[in-house]
Amino acid sequence: MDPYDASKLTPRQSASSRLKDYFIGATPLQKRLESVRKQATFVSTPPRKKIPQCSQLQEDVDPQKVAFLLHKQWTLYSLTPLYKFSYTNLKEYSRLLSAFITAEKQKGLAVEVGEDMNIKVIFSTLLGVKGTQKDSEAFLVQILSKSQRPSENTEGKVLWTGWFCCIFGESLLETVSEDFTCLPLFLANGAEANTAIIGTWFQKTFDCYFSPLSINAFNLSWMAAMWTACKMDHYMATTEFLWSVPCSPQSLDISYAIHPEDAKALWDSIHKTPGEVTQEEVDLFMDCLYSHFHRHFKIHLSATRLVRVSTSVASAHTDGKIKILCHKYLIGVLAYLTELAIFQIE
Amino acid sequence: MAGDMSRAEEMDETVAEFIKRIFLKIPMTNIMTILKAWDFLSESQLQTVNFRQRKEPLVQELVLLCEEKCASLNDAALLDIIYIQVHRHQKLWDVFKMNKGPGEDVDLFDIEQFKSSFTKILQRALKNVTVSFRDAEENAVWIRIAWGTHHTKPNQYKATYVVYYPQTPYVFMSLSRLKRNIPLLDQALMIASKHHQIVKIDLRSRYLDSLKAIVFKQYNQFFETHNSTAPLQETSLWLDTNMDLRVIHENKIEKERVQRVTRETFGDCPQPRLEFAQYKLETKFKSNLNGGILADREEPLRCMIKFSSPHLLEALKSLAPAGIADAPLSPLLTCIPNKGMNYFKIKDK
């Protein structure tokens with residue numbers, strides 16, 4: 001179906017090329033693509049970027065409905081816009097994807113030991129998981145094991161969950177026509193094999209492209225600072241950082257946990273402008289942690305690789321894994337991840 | 001003989017199951033070594049066995065041979081000790097130090113008396129307990145204890161293993177999860193060995209031999225003595241490869257200094273093997289950066305730092321030469337082998 005050989009192009013190029021294919025002569029799009037390509041040659045973010053602090057974001061998500069999203073580890077992907085996706089066809093999609101998965105498994109392409117071949121796929125919308133009204137509605141896909149006995153109406157066990165969302169994704173919205181639905185952030189929980197099958201179906205059906213979203217040390221530091229800045233009634237978890245040291249032949253991991261109240265005290269001592277977090281503040285926060293460590297151990301953590309950050313709000317791993325612990329800041333965490341996803345797409 | 005059962009005409013089924021499970025755990029390459037060390041099955045019996053067959057049928061055959069000879073629980077326990085001796089890194093070992101009371105003479109140590117006394121204390125307290133001993137290299141005594149209660153038989157699958165060096169105050173223990181028996185075990189050890197106090201020291205690792213090397217300060221001689229010309233060769237090799245002609249003289253001096261200081265701190269021999277070091281810090285934040293950060297705060301920062309590596313000391317040794325750390329490295333790290341600790345609590349003075 002796709003005339004381009006995607007392997008030869010980078011994800012960014014192939015996505016925008018496919019978009020271009022559909023809209024030859026759409027001047028605003030071409031102009032936008034050009035400016036985006038120019039921007040991408042700069043280093044990630046300008047040094048004085050300001051991000052709204054978590055506590056300011058709206059929290060009208062029903063905590064009960066999204067409780068199942070918390071305390072689970074999600075693997076992150078960026079997703080290019082979906083072509084001709086419709087929220088009225090969710091039942092149809094459930095049926096088609098079910099059939100696809102069953103067919104793929106019968107082919108023996110994805111072999112999971114002891115897995116029940118009787119599965120059911122459910123598409124549903126996740127109301128309220130968005131930043132502004134312009135954001136597309138988030139939706140959820142679940143694979144459940146079907147009950148063996150047809151008389152029983154009990155829901156099967158959830159085998160795999162994936163959800164698609166867009167939080168404050170205006171910049172991406174501007175680049176596409178109405179035939180496209182923008183849900184650049186995809187989160188999956190469950191067997192890798194299932195993620196692959198589902199990804200294949202979506203790519204075939206909506207001409208989109210998934211790409212694993214890794215989080216570099218720069219963004220992990222921002223997350224650590226922002227989440228430390230969040231006001232919490234009580235702390236559920238210690239604030240922890242994990243560094244991987246590039247020494248050979250033996251690897252070395254350094255885990256640095258700091259009492260969340262102390263981390264907050266350090267942040268408050270650094271933080272100047274209410275409602276905003278600046279690059280300077282993030283750098284200073286990290287430098288303070290580095291210097292406290294260096295004072296004791298004479299090791300320069302800045303020369304090592306930050307691999308994981310964990311706070312009472314959420315935890316994130318450089319391999320693109322996230323766990324959200326606090327429903328109050330769910331939207332805030334997703335907003336940052338959406339931004340990273342959009343950046344990867346562009 | 002401690003914890004003994006009279007030899008039944010037939011081997012107990014639970015013993016057979018226990019022996020079978022031990023055999024199944026042993027990798028094929030080690031089976032012969034362990035059987036020989038166990039020395040329970042006779043030469044003629046072993047000759048009848050086909051050791052090239054697959055593991056399950058081989059184990060079945062071996063268990064049948066054990067039944068022929070009516071293996072007892074004690075025989076099985078001995079097999080278990082040997083398994084652990086060969087696979088000691090599968091357990092996590094804690095280190096304890098015993099102290100004699102003031103004025104207590106160093107008695108002549110009687111190993112048989114120790115074993116008998118130790119067993120009696122446990123049996124008197126619990127009634128159901130399996131205690132087994134095996135002597136090992138360097139005068140070590142390996143002790144295996146399977147714990148029961150007054151009403152239940154000992155759980156053979158959750159045994160505690162103790163390695164005691166009678167001429168020293170040190171005991172190494174792999175504690176099972178049955179924590180309630182620890183005070184009793186401590187008591188039995190102290191009384192049987194005529195000590196007055198037992199203290200857990202902050203040192204823990206899977207590598208029993210490294211722990212030994214650390215507490216017995218053997219790590220400079222324990223490993224093979226090195227060729228004295230090797231360090232010089234090392235240094236010049238390091239400087240010659242990737243030699244950038246633009247590297248100025250001062251840089252070269254600094255690199256040499258780092259190498260020298262690292263060698264002085266760590267020595268030239270291979271380091272004892274530890275997997276982690278943990279530091280609980282409660283120290284105030286002191287910044288020489290943009291001053292004033294947390295300046296008014298009286299409370300210290302509460303931190304927990306953990307270093308993990310397949311071979312921690314070798315990894316730490318490589319940090320300064322790699323430019324990741326200053327040389328000399330902090331004494332908090334370099335003191336690990338000398339102090340024989342890998343758990344620390346650090347507070348401001």
# chains A, B, ... in the order shown; residues from 1 in each chain; ligands from 1
$ residues_around --residues "Lys345 (chain B)" --least-positions-apart "6" --cutoff "9 Å" --atoms "only C-alpha atoms" --output "VMD selection string"
chain B and resid 278 to 282
$ closest_atom_pairs --of "chain B" --to "chain A" --cutoff "9 Å" --atoms "only C-alpha atoms" --output "JSON lines"
{"residue": "B:Lys284", "atom": "CA", "partner": "A:His292", "partner_atom": "CA", "distance": 8.9}
{"residue": "B:Phe285", "atom": "CA", "partner": "A:His292", "partner_atom": "CA", "distance": 6.4}
{"residue": "B:Lys286", "atom": "CA", "partner": "A:His292", "partner_atom": "CA", "distance": 7.2}
{"residue": "B:Ser287", "atom": "CA", "partner": "A:Cys288", "partner_atom": "CA", "distance": 7.3}
{"residue": "B:Asn288", "atom": "CA", "partner": "A:Ser291", "partner_atom": "CA", "distance": 8.6}
{"residue": "B:Leu289", "atom": "CA", "partner": "A:Cys288", "partner_atom": "CA", "distance": 8.1}
{"residue": "B:Asn290", "atom": "CA", "partner": "A:Leu284", "partner_atom": "CA", "distance": 8.9}
{"residue": "B:Gly292", "atom": "CA", "partner": "A:Ser269", "partner_atom": "CA", "distance": 8.4}
{"residue": "B:Ile293", "atom": "CA", "partner": "A:Ser269", "partner_atom": "CA", "distance": 5.7}
{"residue": "B:Leu294", "atom": "CA", "partner": "A:Ser269", "partner_atom": "CA", "distance": 6.0}
{"residue": "B:Ala295", "atom": "CA", "partner": "A:Ser269", "partner_atom": "CA", "distance": 8.9}
{"residue": "B:Arg297", "atom": "CA", "partner": "A:Ala265", "partner_atom": "CA", "distance": 8.8}
{"residue": "B:Glu299", "atom": "CA", "partner": "A:Asp262", "partner_atom": "CA", "distance": 8.8}
{"residue": "B:Pro300", "atom": "CA", "partner": "A:Asp262", "partner_atom": "CA", "distance": 8.2}
{"residue": "B:Leu301", "atom": "CA", "partner": "A:Asp262", "partner_atom": "CA", "distance": 5.8}
{"residue": "B:Arg302", "atom": "CA", "partner": "A:His259", "partner_atom": "CA", "distance": 5.5}
{"residue": "B:Cys303", "atom": "CA", "partner": "A:Ile258", "partner_atom": "CA", "distance": 4.3}
{"residue": "B:Met304", "atom": "CA", "partner": "A:Ala257", "partner_atom": "CA", "distance": 5.0}
{"residue": "B:Ile305", "atom": "CA", "partner": "A:Tyr256", "partner_atom": "CA", "distance": 4.6}
{"residue": "B:Lys306", "atom": "CA", "partner": "A:Ser255", "partner_atom": "CA", "distance": 5.0}
{"residue": "B:Phe307", "atom": "CA", "partner": "A:Ile254", "partner_atom": "CA", "distance": 4.7}
{"residue": "B:Ser308", "atom": "CA", "partner": "A:Asp253", "partner_atom": "CA", "distance": 5.1}
{"residue": "B:Ser309", "atom": "CA", "partner": "A:Leu252", "partner_atom": "CA", "distance": 4.6}
{"residue": "B:Pro310", "atom": "CA", "partner": "A:Gln250", "partner_atom": "CA", "distance": 6.5}
{"residue": "B:His311", "atom": "CA", "partner": "A:Gln250", "partner_atom": "CA", "distance": 6.3}
{"residue": "B:Leu312", "atom": "CA", "partner": "A:Leu252", "partner_atom": "CA", "distance": 7.1}
{"residue": "B:Glu314", "atom": "CA", "partner": "A:Gln250", "partner_atom": "CA", "distance": 7.0}
{"residue": "B:Ala315", "atom": "CA", "partner": "A:Gln250", "partner_atom": "CA", "distance": 5.4}
{"residue": "B:Leu316", "atom": "CA", "partner": "A:Leu252", "partner_atom": "CA", "distance": 8.1}
{"residue": "B:Ser318", "atom": "CA", "partner": "A:Cys247", "partner_atom": "CA", "distance": 6.6}
{"residue": "B:Leu319", "atom": "CA", "partner": "A:Cys247", "partner_atom": "CA", "distance": 6.7}
{"residue": "B:Ala320", "atom": "CA", "partner": "A:Ile299", "partner_atom": "CA", "distance": 8.3}
{"residue": "B:Ala322", "atom": "CA", "partner": "A:Cys247", "partner_atom": "CA", "distance": 7.2}
{"residue": "B:Gly323", "atom": "CA", "partner": "A:Ala303", "partner_atom": "CA", "distance": 8.3}
{"residue": "B:Ile324", "atom": "CA", "partner": "A:His300", "partner_atom": "CA", "distance": 5.5}
{"residue": "B:Ala325", "atom": "CA", "partner": "A:Ile299", "partner_atom": "CA", "distance": 4.1}
{"residue": "B:Asp326", "atom": "CA", "partner": "A:Lys298", "partner_atom": "CA", "distance": 5.5}
{"residue": "B:Ala327", "atom": "CA", "partner": "A:Lys298", "partner_atom": "CA", "distance": 8.0}
{"residue": "B:Pro328", "atom": "CA", "partner": "A:Lys298", "partner_atom": "CA", "distance": 8.2}
{"residue": "B:Leu329", "atom": "CA", "partner": "A:Lys298", "partner_atom": "CA", "distance": 5.9}
{"residue": "B:Ser330", "atom": "CA", "partner": "A:Phe297", "partner_atom": "CA", "distance": 4.8}
{"residue": "B:Pro331", "atom": "CA", "partner": "A:Phe297", "partner_atom": "CA", "distance": 7.8}
{"residue": "B:Leu332", "atom": "CA", "partner": "A:Phe297", "partner_atom": "CA", "distance": 6.7}
{"residue": "B:Leu333", "atom": "CA", "partner": "A:Phe297", "partner_atom": "CA", "distance": 7.1}
$ write_last_selection --atoms "N, CA and C atoms" --output "short mmCIF file (atom, residue, chain, number, x, y, z; two decimals), in the first residue's frame"
data_model
loop_
_atom_site.label_atom_id
_atom_site.label_comp_id
_atom_site.auth_asym_id
_atom_site.auth_seq_id
_atom_site.Cartn_x
_atom_site.Cartn_y
_atom_site.Cartn_z
N LYS B 284 24.75 17.73 56.06
CA LYS B 284 24.22 19.01 55.60
C LYS B 284 24.70 19.30 54.20
N PHE B 285 23.88 20.08 53.49
CA PHE B 285 24.29 20.48 52.15
C PHE B 285 25.20 21.70 52.26
N LYS B 286 26.38 21.59 51.65
CA LYS B 286 27.31 22.73 51.66
C LYS B 286 27.63 23.06 50.23
N SER B 287 27.30 24.26 49.81
CA SER B 287 27.53 24.59 48.41
C SER B 287 28.59 25.64 48.24
N ASN B 288 29.54 25.36 47.35
CA ASN B 288 30.46 26.43 46.98
C ASN B 288 30.05 27.03 45.64
N LEU B 289 28.90 26.63 45.15
CA LEU B 289 28.31 27.25 43.95
C LEU B 289 27.64 28.54 44.40
N ASN B 290 26.66 29.02 43.64
CA ASN B 290 25.91 30.21 44.02
C ASN B 290 25.48 30.03 45.47
N GLY B 292 24.33 30.24 49.42
CA GLY B 292 23.04 30.58 49.99
C GLY B 292 22.00 29.50 49.82
N ILE B 293 22.28 28.52 48.97
CA ILE B 293 21.29 27.46 48.79
C ILE B 293 21.25 26.61 50.05
N LEU B 294 20.06 26.51 50.62
CA LEU B 294 19.86 25.74 51.85
C LEU B 294 20.77 26.20 52.99
N ALA B 295 21.22 27.47 52.91
CA ALA B 295 22.15 27.96 53.93
C ALA B 295 21.51 28.03 55.30
N ARG B 297 19.19 26.14 56.42
CA ARG B 297 18.60 24.87 56.86
C ARG B 297 19.50 24.14 57.83
N GLU B 299 18.66 21.12 59.13
CA GLU B 299 18.57 19.67 58.95
C GLU B 299 19.48 19.20 57.82
N PRO B 300 20.01 17.99 57.98
CA PRO B 300 20.84 17.44 56.91
C PRO B 300 19.97 16.88 55.78
N LEU B 301 20.61 16.61 54.66
CA LEU B 301 19.92 15.91 53.58
C LEU B 301 19.99 14.41 53.87
N ARG B 302 18.85 13.78 53.80
CA ARG B 302 18.81 12.35 54.07
C ARG B 302 18.91 11.61 52.74
N CYS B 303 20.05 10.96 52.53
CA CYS B 303 20.26 10.29 51.24
C CYS B 303 20.65 8.83 51.45
N MET B 304 20.33 8.02 50.47
CA MET B 304 20.79 6.62 50.48
C MET B 304 21.46 6.38 49.12
N ILE B 305 22.74 6.10 49.17
CA ILE B 305 23.50 5.92 47.92
C ILE B 305 23.89 4.46 47.81
N LYS B 306 23.66 3.88 46.67
CA LYS B 306 24.05 2.49 46.49
C LYS B 306 24.86 2.33 45.21
N PHE B 307 26.04 1.75 45.36
CA PHE B 307 26.89 1.44 44.20
C PHE B 307 26.72 -0.05 43.90
N SER B 308 26.39 -0.40 42.66
CA SER B 308 26.25 -1.81 42.30
C SER B 308 27.08 -2.13 41.08
N SER B 309 27.69 -3.30 41.10
CA SER B 309 28.51 -3.70 39.96
C SER B 309 28.77 -5.18 40.07
N PRO B 310 28.99 -5.87 38.94
CA PRO B 310 29.39 -7.27 39.06
C PRO B 310 30.70 -7.41 39.83
N HIS B 311 31.54 -6.37 39.79
CA HIS B 311 32.81 -6.42 40.52
C HIS B 311 33.12 -5.00 40.97
N LEU B 312 32.55 -4.62 42.12
CA LEU B 312 32.54 -3.23 42.55
C LEU B 312 33.92 -2.61 42.65
N GLU B 314 36.82 -3.36 41.39
CA GLU B 314 37.52 -3.16 40.11
C GLU B 314 36.92 -1.97 39.36
N ALA B 315 35.58 -1.85 39.45
CA ALA B 315 34.92 -0.72 38.77
C ALA B 315 35.36 0.60 39.39
N LEU B 316 35.40 0.66 40.73
CA LEU B 316 35.80 1.90 41.41
C LEU B 316 37.24 2.25 41.05
N SER B 318 38.72 1.80 38.35
CA SER B 318 38.87 2.32 36.99
C SER B 318 38.34 3.74 36.82
N LEU B 319 37.69 4.29 37.86
CA LEU B 319 37.04 5.59 37.70
C LEU B 319 37.99 6.76 37.52
N ALA B 320 39.03 6.82 38.37
CA ALA B 320 39.94 7.97 38.29
C ALA B 320 40.72 7.97 36.98
N ALA B 322 39.76 6.90 34.26
CA ALA B 322 38.84 7.22 33.17
C ALA B 322 38.40 8.67 33.22
N GLY B 323 38.84 9.41 34.24
CA GLY B 323 38.47 10.82 34.33
C GLY B 323 37.12 11.07 34.97
N ILE B 324 36.48 10.01 35.46
CA ILE B 324 35.15 10.18 36.03
C ILE B 324 35.22 10.57 37.51
N ALA B 325 36.35 10.26 38.13
CA ALA B 325 36.49 10.60 39.54
C ALA B 325 37.84 11.26 39.76
N ASP B 326 37.97 11.94 40.92
CA ASP B 326 39.26 12.51 41.28
C ASP B 326 40.14 11.40 41.83
N ALA B 327 41.46 11.66 41.78
CA ALA B 327 42.38 10.75 42.46
C ALA B 327 43.07 11.57 43.54
N PRO B 328 43.13 11.17 44.78
CA PRO B 328 42.63 9.88 45.25
C PRO B 328 41.11 9.87 45.41
N LEU B 329 40.54 8.69 45.24
CA LEU B 329 39.10 8.51 45.40
C LEU B 329 38.76 8.73 46.87
N SER B 330 37.51 9.00 47.16
CA SER B 330 37.13 9.27 48.53
C SER B 330 37.42 8.09 49.46
N PRO B 331 37.90 8.36 50.66
CA PRO B 331 38.15 7.28 51.63
C PRO B 331 36.88 6.49 51.97
N LEU B 332 35.71 7.11 51.77
CA LEU B 332 34.48 6.35 52.01
C LEU B 332 34.42 5.11 51.13
N LEU B 333 35.02 5.20 49.95
CA LEU B 333 35.01 4.07 49.03
C LEU B 333 36.24 3.19 49.20
#
$ residues_around --residues "Ala76 (chain B)" --least-positions-apart "3" --cutoff "7 Å" --atoms "only C-alpha atoms" --output "PyMOL selection string"
chain B and resi 15+19+72-73+79-80
$ closest_residue --among "B:Glu56, B:Glu275, B:Asp94, B:Glu298" --to "Met28 (chain B)" --atoms "only C-alpha atoms"
B:Glu56
$ residues_around --residues "Ala71 (chain B)" --least-positions-apart "4" --cutoff "10 Å" --atoms "only C-alpha atoms" --output "NGL selection string"
:B and (7-8 or 10-12 or 15-16 or 19 or 40-41 or 63 or 65-67 or 75-76)
$ residues_around --residues "Met98 (chain B)" --least-positions-apart "3" --cutoff "8 Å" --atoms "only C-alpha atoms" --output "PDB file with C-alpha atoms, in the first residue's frame"
ATOM      1  CA  PRO B 169      36.255 -14.824  65.698  1.00  0.00           C
ATOM      2  CA  TYR B 170      34.504 -14.841  62.314  1.00  0.00           C
ATOM      3  CA  VAL B 171      31.372 -16.622  61.238  1.00  0.00           C
ATOM      4  CA  MET B 190      28.360 -18.373  71.195  1.00  0.00           C
ATOM      5  CA  HIS B 195      32.289 -16.642  73.217  1.00  0.00           C
ATOM      6  CA  HIS B 196      30.425 -13.965  75.018  1.00  0.00           C
ATOM      7  CA  GLN B 197      29.037 -11.819  72.248  1.00  0.00           C
ATOM      8  CA  ILE B 198      28.193 -12.037  68.564  1.00  0.00           C
ATOM      9  CA  VAL B 199      27.873  -8.967  66.381  1.00  0.00           C
TER      10      VAL B 199
END
$ atom_distance --atom1 "CA of Tyr207 (chain B)" --atom2 "CA of Leu35 (chain B)"
23.8 Å
$ residues_around --residues "Gln133 (chain A)" --least-positions-apart "5" --cutoff "10 Å" --atoms "only C-alpha atoms" --output "short mmCIF file (atom, residue, chain, number, x, y, z; two decimals) with N, CA, C and O atoms, in the first residue's frame"
data_model
loop_
_atom_site.label_atom_id
_atom_site.label_comp_id
_atom_site.auth_asym_id
_atom_site.auth_seq_id
_atom_site.Cartn_x
_atom_site.Cartn_y
_atom_site.Cartn_z
N GLY A 128 -11.61 13.00 28.99
CA GLY A 128 -10.93 13.93 29.87
C GLY A 128 -9.41 13.87 29.83
O GLY A 128 -8.74 14.73 30.39
N ILE A 167 -1.82 15.56 24.50
CA ILE A 167 -2.00 16.59 25.53
C ILE A 167 -1.28 17.85 25.08
O ILE A 167 -0.06 17.87 24.98
N PHE A 168 -2.04 18.89 24.80
CA PHE A 168 -1.49 20.16 24.30
C PHE A 168 -0.73 19.95 23.00
O PHE A 168 0.41 20.40 22.85
#
$ residues_around --residues "Ser42 (chain B)" --least-positions-apart "4" --cutoff "12 Å" --atoms "only C-alpha atoms" --output "MDAnalysis selection string"
chainID B and resid 35:38 46:49 62 65:66 68:69
$ select_by_dssp --residues "region 42-102 of chain B" --states "strand (DSSP E or B)" --output "NGL selection string"
:B and (93-99)
$ closest_residue --among "B:Ile81, B:Arg134, B:Lys317, B:Leu178" --to "Arg260 (chain B)" --atoms "only C-alpha atoms"
B:Lys317
$ select_by_dssp --residues "region 137-320 of chain A" --states "helix (DSSP H, G or I)" --output "ChimeraX atom specification"
/A:170-173,192-206,217-229,260-270,279-297,301-303
$ decode --residues "region 69-88 of chain A" --atoms "C-alpha atoms" --output "PDB file, in the first residue's frame"
ATOM      1  CA  LEU A  69      -3.502   3.955  34.329  1.00  0.00           C
ATOM      2  CA  LEU A  70      -1.549   4.603  37.506  1.00  0.00           C
ATOM      3  CA  HIS A  71       1.047   2.366  39.141  1.00  0.00           C
ATOM      4  CA  LYS A  72       1.633   0.471  35.920  1.00  0.00           C
ATOM      5  CA  GLN A  73       4.740   0.525  33.805  1.00  0.00           C
ATOM      6  CA  TRP A  74       4.072   1.839  30.290  1.00  0.00           C
ATOM      7  CA  THR A  75       6.403   1.575  27.324  1.00  0.00           C
ATOM      8  CA  LEU A  76       6.355   4.758  25.257  1.00  0.00           C
ATOM      9  CA  TYR A  77       6.111   5.286  21.530  1.00  0.00           C
ATOM     10  CA  SER A  78       5.574   8.291  19.334  1.00  0.00           C
ATOM     11  CA  LEU A  79       2.892   7.922  16.687  1.00  0.00           C
ATOM     12  CA  THR A  80       2.399   9.876  13.494  1.00  0.00           C
ATOM     13  CA  PRO A  81      -1.140  11.126  12.786  1.00  0.00           C
ATOM     14  CA  LEU A  82      -3.772   8.500  11.931  1.00  0.00           C
ATOM     15  CA  TYR A  83      -5.365   8.803   8.506  1.00  0.00           C
ATOM     16  CA  LYS A  84      -9.157   8.517   8.365  1.00  0.00           C
ATOM     17  CA  PHE A  85      -9.578   7.277  11.928  1.00  0.00           C
ATOM     18  CA  SER A  86     -13.105   7.679  13.228  1.00  0.00           C
ATOM     19  CA  TYR A  87     -14.389   7.549  16.784  1.00  0.00           C
ATOM     20  CA  THR A  88     -17.743   6.258  15.522  1.00  0.00           C
TER      21      THR A  88
END
